[in-house]
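> What follows is a single structure, and I will ask about it in a moment.
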Amino acid sequence: MPGYPALPEGLAYGGDYNPEQWPEEVWQEDVRLMRQAGVNLVTVGVFNWGLIEPAEGVYDFDRLDRIFDLLHSEGIKVDLGTPTSSPPVWFRNRHPGSRLVDREGHVLGGATRHSFCPSSPEYAAASERVAGRLAERYAGHPALAMWHVHNEYGWANAHCYCPTSAEAFRAWLRERYGDVGAVNAAWGTTFWGLTYGSFDEVEPPLLAPPGLLTGLQLDFMRFSVDAHIANYRREREAVRRFSDLPVTTNFMIPNCKPMDYWRWSAEVDVVANDHYLDAETPDAHIGLAMAADLTRSVSGGRPWMLMEHSTGAVNWQPRNLAKRRGEMRRNSLAHVARGSDSVMFFQWRASRHGAEKFHSAMVPHAGTDSEVWRDVVDLGADLGRLAPVRGSRVEADVAVVWDWESYWALELEWRPSADLGFRERVGAFYEALWREHVTVDFVHPSADLSAYRLVVVPSAYLLTEGSAKNLHRYVEAGGHLLVSFFSGIVDENDAIHGGPYPGVLREVLGLSVEEFHPLREHGTVAVSSGAGEYAGRIWSERVRLGEAAALWTFADGPDAGHPAVTRHDLGAGAAWYVATALDEASGSGPRGPYGLRGLLGEVLDHAGVRRLADVPEDVEVVRRGAHLFLFNHGDRPVTVPGVTGTGLLDGVEHRGSATVPPGGVAVVRT
Amino acid sequence: MPGYPALPEGLAYGGDYNPEQWPEEVWQEDVRLMRQAGVNLVTVGVFNWGLIEPAEGVYDFDRLDRIFDLLHSEGIKVDLGTPTSSPPVWFRNRHPGSRLVDREGHVLGGATRHSFCPSSPEYAAASERVAGRLAERYAGHPALAMWHVHNEYGWANAHCYCPTSAEAFRAWLRERYGDVGAVNAAWGTTFWGLTYGSFDEVEPPLLAPPGLLTGLQLDFMRFSVDAHIANYRREREAVRRFSDLPVTTNFMIPNCKPMDYWRWSAEVDVVANDHYLDAETPDAHIGLAMAADLTRSVSGGRPWMLMEHSTGAVNWQPRNLAKRRGEMRRNSLAHVARGSDSVMFFQWRASRHGAEKFHSAMVPHAGTDSEVWRDVVDLGADLGRLAPVRGSRVEADVAVVWDWESYWALELEWRPSADLGFRERVGAFYEALWREHVTVDFVHPSADLSAYRLVVVPSAYLLTEGSAKNLHRYVEAGGHLLVSFFSGIVDENDAIHGGPYPGVLREVLGLSVEEFHPLREHGTVAVSSGAGEYAGRIWSERVRLGEAAALWTFADGPDAGHPAVTRHDLGAGAAWYVATALDEASGSGPRGPYGLRGLLGEVLDHAGVRRLADVPEDVEVVRRGAHLFLFNHGDRPVTVPGVTGTGLLDGVEHRGSATVPPGGVAVVRT
Amino acid sequence: MPGYPALPEGLAYGGDYNPEQWPEEVWQEDVRLMRQAGVNLVTVGVFNWGLIEPAEGVYDFDRLDRIFDLLHSEGIKVDLGTPTSSPPVWFRNRHPGSRLVDREGHVLGGATRHSFCPSSPEYAAASERVAGRLAERYAGHPALAMWHVHNEYGWANAHCYCPTSAEAFRAWLRERYGDVGAVNAAWGTTFWGLTYGSFDEVEPPLLAPPGLLTGLQLDFMRFSVDAHIANYRREREAVRRFSDLPVTTNFMIPNCKPMDYWRWSAEVDVVANDHYLDAETPDAHIGLAMAADLTRSVSGGRPWMLMEHSTGAVNWQPRNLAKRRGEMRRNSLAHVARGSDSVMFFQWRASRHGAEKFHSAMVPHAGTDSEVWRDVVDLGADLGRLAPVRGSRVEADVAVVWDWESYWALELEWRPSADLGFRERVGAFYEALWREHVTVDFVHPSADLSAYRLVVVPSAYLLTEGSAKNLHRYVEAGGHLLVSFFSGIVDENDAIHGGPYPGVLREVLGLSVEEFHPLREHGTVAVSSGAGEYAGRIWSERVRLGEAAALWTFADGPDAGHPAVTRHDLGAGAAWYVATALDEASGSGPRGPYGLRGLLGEVLDHAGVRRLADVPEDVEVVRRGAHLFLFNHGDRPVTVPGVTGTGLLDGVEHRGSATVPPGGVAVVRT
């Protein structure tokens, strides 16, 4: 995080610190333990609004002053939260118009956070004021390192359907379209005769009979992102009137579908992310890697901050599995390997009260005579050893297209198959690449792709003509493109591109698709690669070749004998297409049991993407700058060949190979 | 469709045509392609309200005029829709009292169709006005062939719970009952002391604690049917002031449970139906056959119109399977075989925008270089060859009782078993008869049954005393009756008939039922027929014989040793009873693996219902007038014996047998 | 039921009698049949409000007078219901503010019972008035035996969220806490900064984003109990102004989670309970036994009344299984064995109308020529023979802790595992004890425990410091305690007790728990007892021994090698702890296939709890006073050794053993 001299040196280490939940005698123990663990940064004040502004316009900073001073006296830096994700109880009582309203029209209750309307002018005024007061008071405090505006925008109030929101949405539409005729054209309102005569007639997409205009739905999602960004900007500017320290807010990549983080990334001085394992999922660390890669990509490749994760279990999953021994360490260092310059937790000390009391913490309910605490101390030492990693970058040869707007559109009602989900599709490709030890960036489809040897496009349903041209240019210039079925179908208004599917991708792929053939629930089709046979799930379709050549063929099902995988050599590059979900085991193929792995192997070879051979698939390998990170997720020691350099964690000198114990991590400066 | 000279000659062929979604240059291609395919009728204007009345009372018929003229110039007839299923956006904004309110009290949003209250006086006035204006303008147009009022009454707004609806419901009750004491008696309000003091006290059956008066619920359903019929009548009369062409509306048999189509059938000049396959179901064509037979029955045996079906996939099922090669042809001709004089599709050209853009069409997104288009053209030719079929009738020896009121009542809360569903029960009997190559009519239980050799009554839970007497007279006069368990339990107010079950059917069946014994989830009981053993699902019960004789016996379970199937010889006829769901394979019986098939075989033989022997069970055989339709749903060629005559589709002369290829259809004039 | 001379002698027998649903000629048959069956008590008038007060303030007691006189003429006593669970239709129309509002804010509809706000002042006035008028009129009637206030408090309206309820809740909080600061402290509102500035700011726990203050939720549940009790008290006092006969209301133990019956028990003169089998559950009679034991415990060990159960099926379960032959008799006598002095049914005669018409009755729809009726008559005779049992008591050596507040708290959102449920956990221990032929009492954890040899504490998540001290004193004084995981975690406000888990139980158990390890869905861990290996479900955790010794050990999973079962010898007693759900078969252990059975065997032996040996586990054995009840739930005759005395039901003299036929019951006076 160059350019932020107020931040601690090396990697930041710490977590959310909520001392207001504890008597002051505990605070002394807190800072003593923070020093023991090597904590150098804590996030303070995230849920303090009701405490620092106990009544409207009445402020009380006494406690916060003492916390700042205590932390400063111990050399611990403060990431100061503006408390605006949890307005005080008086706020909703004095301003009932600010209450959150759901799609059914229910006015939601309080006694929890995030229960406000994001378009409320009362909220805007109150949140700006409290942020400004905090900035005024603490901008000059020597402990202050950075600003943490709000908490997890969109966590529960991504969309509000109250009259104020409706009016704000109409104003947003006026701004976007100028003329209501443009709205009608964009949304295709001649369908069902739903033409708007004026902007005043537009309602949000309330609970209604099926078949709501999909363009309306997409625009309401875009509007909602803007409403939250406007709230953020207002607070950021209130802070900047007093402080030039970095300002950010904590994202929830990839678990907050409504927030388009490509749009958010420009708003923050440093990208910060909260990540929690989907603990019951086998190989949850692959999900973590994907989240970290996506966060780095949202950050434009620049180092970012892991603002929250957990030492162990969370409290909001159906079964909150604690982490196994070593898992917290691997998780933490995996985020660092993939670009984070910090390891922060929610939270420092486990709460006695409230909704999150069974969420793990750095100081657990069991206290310091516990594995968790010992691991927290050890992790602090590890992070100290990794200080040289700070600021370095991860490079990737392969990019995967990720577009929140396509995510939204793909999952609206009435698509060809309910089995087709955005996260599942992207995740399938990501997992296959992870197991091939290939590090990837995520990209918006309109981004500059020239740096990548391969770009993967998993079911990019919504794809603008501009983005499609971008992909075409990329291939012509020598790029390699792998597109999966149901890509390039609609434009930004969810209108089908003209001509046979996939409208804007026909040319680059050298084919068209005559008919979709979604499979029955749990159904499969056989796909023959020549060398073996694989299963396809979810989807089959009738591909008609143009300039492309068939590589693999459907062996049964509604498209038996027709192409399942094709390649189109175009200009200096090539574009592959795969017409089914080729990622479940069925028979054996040339590269192992997974069809998608087999296909990817061919494509990666063709694209010239080099990758480690002879390394088991549960070893995670990432290079960040001059440092090679090796994670052994298996239960046997693994020797990785071709590694020469010094181990940062253990000081071992590796000459030609590195052996990593089961569950272990090595970081080698090469 | 005799009597409707404005309609095209032969069979009508076409679909919904929505040119307003396309630029006018596309229209020219449309009519050219229509002629290529042999299209002779299109439904126009179904969703045009917002376009022809862009502001309240302001009309613009320019575009529609041009469409009429263009179609007329090419000799294509117009089925003109009144656009009242999708009121304009301005309508709901100017008349907020007209908005649909659901059972929870949510005021539903717009931006889709059907979001209006069916009892709204504002809607009544506006819909009558627009229908009248259309009639005034187009009654005399030479292209006009018929009127298509509204679209799919009850699709999403079958019931409305707004204050206006509540008031209309009270007025309806006043009309029906005259005196509130009659309401109390009908609904049995002494139960729980829920006696009404006046009509003003009645509320619709809103979301409430469990145990709502069931009589109230049934009457609210009846009221709702009447509300929609009143809307239809108002528009029909507005049209008739200017036009004497046939008026209809498109039904959704059998997929719109709230609409009692026995009541609707008298309102239309010709019955029109929309049918969509439940595509993921194996043997979905049996569901189609049932829908077509029920439609013909609703039409009183007269030819009817298939107003909508699909060339391929729909868009609103979880997984929208496209049709396999040949399936659209078989589907289309099966509707004709069962009495339709038309084959119409939703829609002509696939939409780029809106909720239904992934619904298949006659002109698909893939354009005319596609299997779908070629099949559409071929189908047009087939239908031309089948012109002689028009107007002829299907005769059936067997009738199955179908009563929407019983459907509603059976599926209210708190019945003996949640596993007992109306559609499942009727479907089980229908499927067994279909596989026996027996064509059936559906009948209301009060209908004249004298034409039938056998009447089947599957779980007719609600059965009035009058209907029961009708069945009794039918048997006495020589009819054969097969009744399944949980029939004849309640009257029209859901009050249990007096005495042991099944109150009004005890005499005709010659037995009583002492106790119901619903089975555990997935539970079965064994039933012995003497010659074999079958499984019963869902239900067992203690039958006590009166004059009836036991044929089959429960072999285990709570009624082991007691009768499972009985027969009562009464007058010149006989009445069978079956006390469990006898339709899953278990062991082997005299006629194959299905107990119900075995039982039906005995009953059909006894009733003297002749049927084809030596024809595989996946060959569908229907006779319509002088024409024998043969559908081979299997994957091997089949030779059907006893067929002599000329093949209409292929001109082949059959002398004693006809061979139908896999997936093929033969229509033989005999 | 000593002290209630107006009640019938011997055991009370009868049911709900609703003659208002029938013409008066049926009443004559009713009383004739009642005498035939030995009925001596019927509950009258439960749903009569709309009939006796047909308009506000207008009363009509004619019919009720005739019913009283008719019953009296036949010597049948009346349990007179106040009809306040089902207000008249006019009531909700005249007092719309009294309508029930759900958590989403929906105003619920009428046309059913229980649709009123429990905090409504209009309801309070109206219910008090009708109860008083009934008391005034019938207090002196010679048929009257007791008062049955309301029906099943909390059945559907346990909680109301209307503005009136909100205001009442705030008043309740003022009363409980005095100062809003005390609320903030109790609920821990510094978490998320949700500090209340005044009582006026408190809202009920409405539908809201996740994470609602849990202390608020618990207090709202307590408030709701109080609201219902206040309604009961008001009616009770209205009755007592005229009558000194016993007053009660019918509980729904254990099927009404929101009602804390420990709090209710002090309010009634005799505890009355309604119990319905969960009929689809195998061994539903174990659930019945548990309900009866819990009812007796709520009654403080005094005899209680079974106020409702069923002769056969109910109507509100998904599949309403009828009882098998003999099951009604066993059910009825099992309630008597466990302390009931009555056997009452809902209802006398099956209804023709309304929501409960498929609920079984003493006089079924099949009439008197039916198994049910013959069994009803036989049961009356049996109960006559059991008259000597009246008033005697059941003694138990073992107690199981049951605390409704812990039930509520355990099942709030965001606990460590969604698989952990209160009923399931208590039921697992109860079932194991039942199969060991051990009769248990249930106790609140703060109760006097000195009478018990063993106290079992299954997942008592919420446990106050006082209760924990009570358990500690109990062990020190020689008691035996068996505690299962996730006990003693939080205080009455759902705040975690200080220090490592299980805060207030660490000392008595001699251990702490460092980390919870909820298992994956359907996951298991192996537990080794030394003599065998068992499976643990749902949970594993890291136990750290203090003074306790490990008995059994986790053999795999996250805590492999660590203690799974421990014992702490403390003072004159011992405390066991079990750290997983040890109750599914896996391999074989020293005492059979169930781990929990094996463990309980050891603990019972250690505690000196004697129990029958050599009796199959499906034989139920209960001693009530001088009478030994034996129920054979199996399908083979069973000889129980050690039985000497006279059989009350059959007059047989048993000398050393008693043989009970399959499905049979013996009651031996010893």
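Lettering and numbering for the structure tokens are positional, with chains as A, B, ... in the shown order, residues counted from 1 in each chain, and ligands counted from 1 in the shown order.
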Can you check which residues of range 236-405 of chain C DSSP gives as helix (DSSP H, G or I) on the backbone and send them as a ChimeraX atom specification?
/C:236-240,261-267,284-298,327-337,371-385,387-389,404-405
> For the residues in the current selection, export C-alpha atoms as a PDB file, in the first residue's frame.

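Just written: part_11.pdb:
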ATOM      1  CA  ARG C 236     -60.895 -16.467  36.175  1.00  0.00           C
ATOM      2  CA  GLU C 237     -61.667 -13.600  38.533  1.00  0.00           C
ATOM      3  CA  ALA C 238     -64.889 -12.842  36.656  1.00  0.00           C
ATOM      4  CA  VAL C 239     -65.898 -16.452  37.237  1.00  0.00           C
ATOM      5  CA  ARG C 240     -64.858 -16.477  40.875  1.00  0.00           C
ATOM      6  CA  TYR C 261     -46.173 -23.632  31.380  1.00  0.00           C
ATOM      7  CA  TRP C 262     -43.980 -23.398  34.468  1.00  0.00           C
ATOM      8  CA  ARG C 263     -45.407 -19.897  34.705  1.00  0.00           C
ATOM      9  CA  TRP C 264     -48.942 -21.020  33.891  1.00  0.00           C
ATOM     10  CA  SER C 265     -49.110 -23.848  36.412  1.00  0.00           C
ATOM     11  CA  ALA C 266     -49.665 -21.586  39.410  1.00  0.00           C
ATOM     12  CA  GLU C 267     -52.678 -20.005  37.743  1.00  0.00           C
ATOM     13  CA  ALA C 284     -45.458 -42.181  19.003  1.00  0.00           C
ATOM     14  CA  HIS C 285     -46.446 -43.550  22.408  1.00  0.00           C
ATOM     15  CA  ILE C 286     -43.045 -42.503  23.753  1.00  0.00           C
ATOM     16  CA  GLY C 287     -43.866 -38.933  22.832  1.00  0.00           C
ATOM     17  CA  LEU C 288     -47.170 -39.381  24.618  1.00  0.00           C
ATOM     18  CA  ALA C 289     -45.424 -40.629  27.754  1.00  0.00           C
ATOM     19  CA  MET C 290     -43.114 -37.648  27.689  1.00  0.00           C
ATOM     20  CA  ALA C 291     -46.021 -35.250  27.315  1.00  0.00           C
ATOM     21  CA  ALA C 292     -47.832 -36.874  30.231  1.00  0.00           C
ATOM     22  CA  ASP C 293     -44.750 -36.800  32.461  1.00  0.00           C
ATOM     23  CA  LEU C 294     -44.156 -33.176  31.598  1.00  0.00           C
ATOM     24  CA  THR C 295     -47.785 -32.350  32.322  1.00  0.00           C
ATOM     25  CA  ARG C 296     -47.603 -34.078  35.686  1.00  0.00           C
ATOM     26  CA  SER C 297     -44.407 -32.187  36.420  1.00  0.00           C
ATOM     27  CA  VAL C 298     -45.998 -28.880  35.506  1.00  0.00           C
ATOM     28  CA  GLU C 327     -54.017 -47.944  20.534  1.00  0.00           C
ATOM     29  CA  MET C 328     -56.677 -45.591  21.875  1.00  0.00           C
ATOM     30  CA  ARG C 329     -56.994 -47.751  24.977  1.00  0.00           C
ATOM     31  CA  ARG C 330     -53.254 -47.856  25.552  1.00  0.00           C
ATOM     32  CA  ASN C 331     -52.988 -44.109  24.966  1.00  0.00           C
ATOM     33  CA  SER C 332     -55.804 -43.355  27.394  1.00  0.00           C
ATOM     34  CA  LEU C 333     -54.499 -45.590  30.143  1.00  0.00           C
ATOM     35  CA  ALA C 334     -50.944 -44.357  29.673  1.00  0.00           C
ATOM     36  CA  HIS C 335     -52.131 -40.851  30.524  1.00  0.00           C
ATOM     37  CA  VAL C 336     -53.840 -42.273  33.623  1.00  0.00           C
ATOM     38  CA  ALA C 337     -50.719 -44.223  34.557  1.00  0.00           C
ATOM     39  CA  GLU C 371     -64.876 -50.206  16.170  1.00  0.00           C
ATOM     40  CA  VAL C 372     -64.365 -46.738  17.536  1.00  0.00           C
ATOM     41  CA  TRP C 373     -67.670 -46.664  19.300  1.00  0.00           C
ATOM     42  CA  ARG C 374     -67.271 -50.151  20.709  1.00  0.00           C
ATOM     43  CA  ASP C 375     -63.827 -49.181  21.984  1.00  0.00           C
ATOM     44  CA  VAL C 376     -65.256 -46.034  23.534  1.00  0.00           C
ATOM     45  CA  VAL C 377     -67.813 -48.098  25.423  1.00  0.00           C
ATOM     46  CA  ASP C 378     -65.163 -50.584  26.544  1.00  0.00           C
ATOM     47  CA  LEU C 379     -62.884 -47.793  27.650  1.00  0.00           C
ATOM     48  CA  GLY C 380     -65.646 -46.365  29.807  1.00  0.00           C
ATOM     49  CA  ALA C 381     -65.909 -49.715  31.542  1.00  0.00           C
ATOM     50  CA  ASP C 382     -62.141 -49.904  32.019  1.00  0.00           C
ATOM     51  CA  LEU C 383     -62.057 -46.470  33.533  1.00  0.00           C
ATOM     52  CA  GLY C 384     -64.802 -47.460  35.932  1.00  0.00           C
ATOM     53  CA  ARG C 385     -62.585 -50.293  37.128  1.00  0.00           C
ATOM     54  CA  ALA C 387     -61.577 -45.553  39.920  1.00  0.00           C
ATOM     55  CA  PRO C 388     -59.278 -46.487  42.830  1.00  0.00           C
ATOM     56  CA  VAL C 389     -56.356 -44.924  40.985  1.00  0.00           C
ATOM     57  CA  TRP C 404     -39.122 -23.083  28.087  1.00  0.00           C
ATOM     58  CA  GLU C 405     -36.832 -20.056  28.164  1.00  0.00           C
TER      59      GLU C 405
END
> Set the cut-off to 8 Å and count only C-alpha atoms: what are the residues of chain A that reach chain B? Output as a compact mmCIF listing (two decimals) with C-alpha atoms, in the first residue's frame.

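Produced file selection_39.txt, reproduced below:
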# COMPACT_ATOMS: atom_id res chain seq x y z
CA GLU A 104 -43.53 -7.08 -0.65
CA GLY A 105 -44.01 -3.62 0.85
CA TRP A 187 -36.94 -2.03 -21.87
CA GLY A 188 -38.92 -3.14 -24.90
CA THR A 189 -42.20 -2.05 -23.38
CA THR A 190 -44.21 -2.79 -26.49
CA PHE A 191 -44.08 -6.34 -25.15
CA TRP A 192 -47.34 -6.69 -23.22
CA GLY A 193 -48.11 -3.05 -24.05
CA LEU A 194 -46.37 -1.70 -20.97
CA THR A 195 -45.35 1.60 -22.52
CA TYR A 196 -44.67 4.42 -20.07
CA GLY A 197 -46.18 7.79 -20.82
CA GLU A 201 -45.48 6.28 -14.10
CA GLU A 203 -42.69 1.93 -10.17
CA PRO A 205 -40.02 -3.84 -9.40
CA LEU A 206 -42.38 -4.65 -6.55
CA LEU A 207 -43.87 -8.02 -5.80
CA ALA A 208 -46.14 -8.59 -8.79
CA PRO A 209 -47.41 -11.32 -11.05
CA PRO A 210 -44.61 -13.05 -12.95
CA GLY A 211 -43.06 -11.52 -16.03
CA LEU A 212 -41.86 -8.14 -14.76
CA LEU A 213 -40.00 -6.15 -17.38
CA THR A 214 -36.42 -7.35 -17.11
CA GLY A 215 -34.92 -4.06 -18.25
CA GLU A 413 -36.75 -15.46 -13.67
CA TRP A 414 -37.67 -17.41 -16.79
CA ARG A 415 -34.34 -18.41 -18.20
CA PRO A 416 -33.95 -21.64 -20.16
CA SER A 417 -32.73 -23.63 -17.15
CA ALA A 418 -33.00 -23.00 -13.44
CA ASP A 419 -29.89 -25.15 -13.01
CA ASP A 494 -31.67 -7.96 -21.47
CA ALA A 495 -32.77 -7.77 -25.10
CA ILE A 496 -31.65 -10.60 -27.31
CA HIS A 497 -29.01 -9.65 -29.82
CA GLY A 498 -30.23 -9.98 -33.38
CA GLY A 499 -29.91 -13.12 -35.47
CA PRO A 500 -29.13 -16.63 -34.37
CA TYR A 501 -27.50 -17.05 -30.98
CA VAL A 513 -26.52 -21.96 -32.07
CA GLU A 514 -29.82 -23.02 -33.50
CA GLU A 515 -31.53 -24.34 -30.38
CA PHE A 516 -30.90 -24.61 -26.64
CA HIS A 517 -31.52 -28.02 -25.14
CA PRO A 518 -31.55 -27.68 -21.34
CA LEU A 519 -31.34 -31.11 -19.75
CA ARG A 520 -33.73 -32.61 -17.25
CA GLU A 521 -32.90 -32.27 -13.57
CA PRO A 558 -30.70 -34.16 -28.29
> So that I can see what lies close to range 167-181 of chain C, please list as JSON, numbers by chain the residues with an atom at most 12 Å from it, counting only C-alpha atoms and leaving out residues fewer than 4 positions away in the same chain.
{"C": [117, 118, 119, 120, 121, 159, 160, 161, 162, 163, 185, 186, 187, 188, 189, 190, 195, 196, 197, 198, 199, 200, 201, 202, 203, 204, 205, 215, 216, 217, 218, 219, 220, 221, 222, 223, 224, 225, 226, 227, 230]}
> Keeping only C-alpha atoms, write the selected residues as a compact mmCIF listing (two decimals), in the first residue's frame.

# COMPACT_ATOMS: atom_id res chain seq x y z
CA CYS C 117 -54.62 -9.50 19.66
CA PRO C 118 -53.89 -10.80 23.17
CA SER C 119 -53.16 -7.29 24.40
CA SER C 120 -56.33 -5.72 23.06
CA PRO C 121 -58.27 -3.77 25.71
CA HIS C 159 -47.48 -13.21 19.58
CA CYS C 160 -49.07 -10.10 18.16
CA TYR C 161 -47.13 -7.22 16.60
CA CYS C 162 -49.83 -4.58 16.33
CA PRO C 163 -49.41 -1.05 17.72
CA ALA C 185 -27.47 -3.52 29.97
CA ALA C 186 -29.62 -6.63 29.82
CA TRP C 187 -29.81 -6.74 26.04
CA GLY C 188 -26.21 -5.66 25.48
CA THR C 189 -27.22 -2.88 23.15
CA THR C 190 -23.72 -1.49 22.78
CA THR C 195 -28.81 1.74 22.67
CA TYR C 196 -32.33 2.84 23.59
CA GLY C 197 -32.77 6.38 24.80
CA SER C 198 -36.19 5.71 26.28
CA PHE C 199 -38.76 2.96 26.55
CA ASP C 200 -40.76 4.74 23.86
CA GLU C 201 -38.13 3.77 21.31
CA VAL C 202 -38.61 0.03 21.73
CA GLU C 203 -40.34 -1.84 18.92
CA PRO C 204 -41.42 -5.48 19.00
CA PRO C 205 -39.13 -7.87 17.12
CA GLY C 215 -32.54 -10.16 24.58
CA LEU C 216 -35.37 -8.22 22.99
CA GLN C 217 -36.68 -11.39 21.44
CA LEU C 218 -36.63 -13.30 24.71
CA ASP C 219 -38.34 -10.49 26.58
CA PHE C 220 -41.01 -10.24 23.90
CA MET C 221 -41.72 -13.94 24.41
CA ARG C 222 -41.96 -13.44 28.17
CA PHE C 223 -44.22 -10.45 27.66
CA SER C 224 -46.46 -12.50 25.40
CA VAL C 225 -46.84 -15.23 28.02
CA ASP C 226 -47.84 -12.57 30.51
CA ALA C 227 -50.36 -11.07 28.11
CA ALA C 230 -53.49 -11.67 32.18
> Enter the distance from CA of Leu471 in chain B to CA of Gly339 in chain B, in Å, rounded to one decimal.
26.5 Å
> Please compute the CA of Gly530 in chain C-CA of Arg435 in chain C distance, one decimal, in Å.
23.4 Å
> Of the candidates B:Arg32, B:Arg234, B:Arg137, B:His72, which one gets nearest to Ala124 in chain B if we count only C-alpha atoms?
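Nearest candidate to Ala124 in chain B out of B:Arg32, B:Arg234, B:Arg137, B:His72: B:Arg234.
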> To one decimal place in Å, what is the distance between CA of Leu462 in chain B and CA of Asp441 in chain B?
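Interatomic distance here is 19.9 Å.
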> Hey, what's within 7 Å of Leu11 in chain A if we count only C-alpha atoms and toss same-chain stuff fewer than 2 positions away? As a tab-separated table (two decimals) with N, CA and C atoms, in the first residue's frame, please?

chain	number	residue	atom	x	y	z
A	9	GLU	N	4.07	-0.28	9.08
A	9	GLU	CA	5.03	-0.85	8.14
A	9	GLU	C	4.73	-2.33	7.97
A	13	TYR	N	-1.88	-6.05	10.55
A	13	TYR	CA	-2.40	-7.22	11.26
A	13	TYR	C	-3.30	-6.75	12.40
A	341	ASP	N	-2.26	-6.91	1.49
A	341	ASP	CA	-1.19	-6.39	2.33
A	341	ASP	C	-1.62	-6.35	3.79
A	342	SER	N	-2.73	-7.04	4.11
A	342	SER	CA	-3.15	-7.05	5.51
A	342	SER	C	-3.83	-8.37	5.81
A	383	LEU	N	3.57	-13.02	9.91
A	383	LEU	CA	3.32	-11.83	9.08
A	383	LEU	C	4.49	-10.86	9.19
A	387	ALA	N	6.95	-9.23	5.83
A	387	ALA	CA	6.91	-7.79	5.52
A	387	ALA	C	7.45	-7.48	4.13
A	390	ARG	N	5.02	-6.91	1.10
A	390	ARG	CA	4.14	-5.74	0.94
A	390	ARG	C	4.40	-4.99	-0.35
> Taking the chain letters and numbering used in this document, name the residues of range 205-421 of chain A that DSSP puts in strand (DSSP E), as a PyMOL selection string.
chain A and resi 247-248+250-251+272-274+304-308+340-345+398-401
> With only C-alpha atoms as the counted atoms, please give the residues lying no more than 7 Å from Leu454 in chain B, apart from itself and same-chain residues fewer than 6 positions off, as a PDB file with C-alpha atoms, in the first residue's frame.

ATOM      1  CA  ASP B 397     -67.385 -45.034 -24.688  1.00  0.00           C
ATOM      2  CA  VAL B 398     -65.830 -44.082 -21.383  1.00  0.00           C
ATOM      3  CA  ALA B 399     -66.213 -40.949 -19.326  1.00  0.00           C
ATOM      4  CA  GLY B 479     -74.219 -48.243 -16.810  1.00  0.00           C
ATOM      5  CA  HIS B 480     -70.906 -49.295 -15.404  1.00  0.00           C
ATOM      6  CA  LEU B 481     -69.355 -47.170 -12.722  1.00  0.00           C
ATOM      7  CA  ALA B 607     -68.610 -52.997 -19.510  1.00  0.00           C
TER       8      ALA B 607
END
> Which of these residues is nearest to Val660 in chain B, using only C-alpha atoms: B:His95, B:His633, B:Arg338, B:Arg597?
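Among the listed residues, the smallest separation from Val660 in chain B belongs to B:His633.
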> Please provide as a PyMOL selection string all residues within 8 Å of range 642-658 of chain A, with the sequence filter that same-chain residues fewer than 6 positions apart are discarded (counting only C-alpha atoms).
chain A and resi 382+385-386+666-670
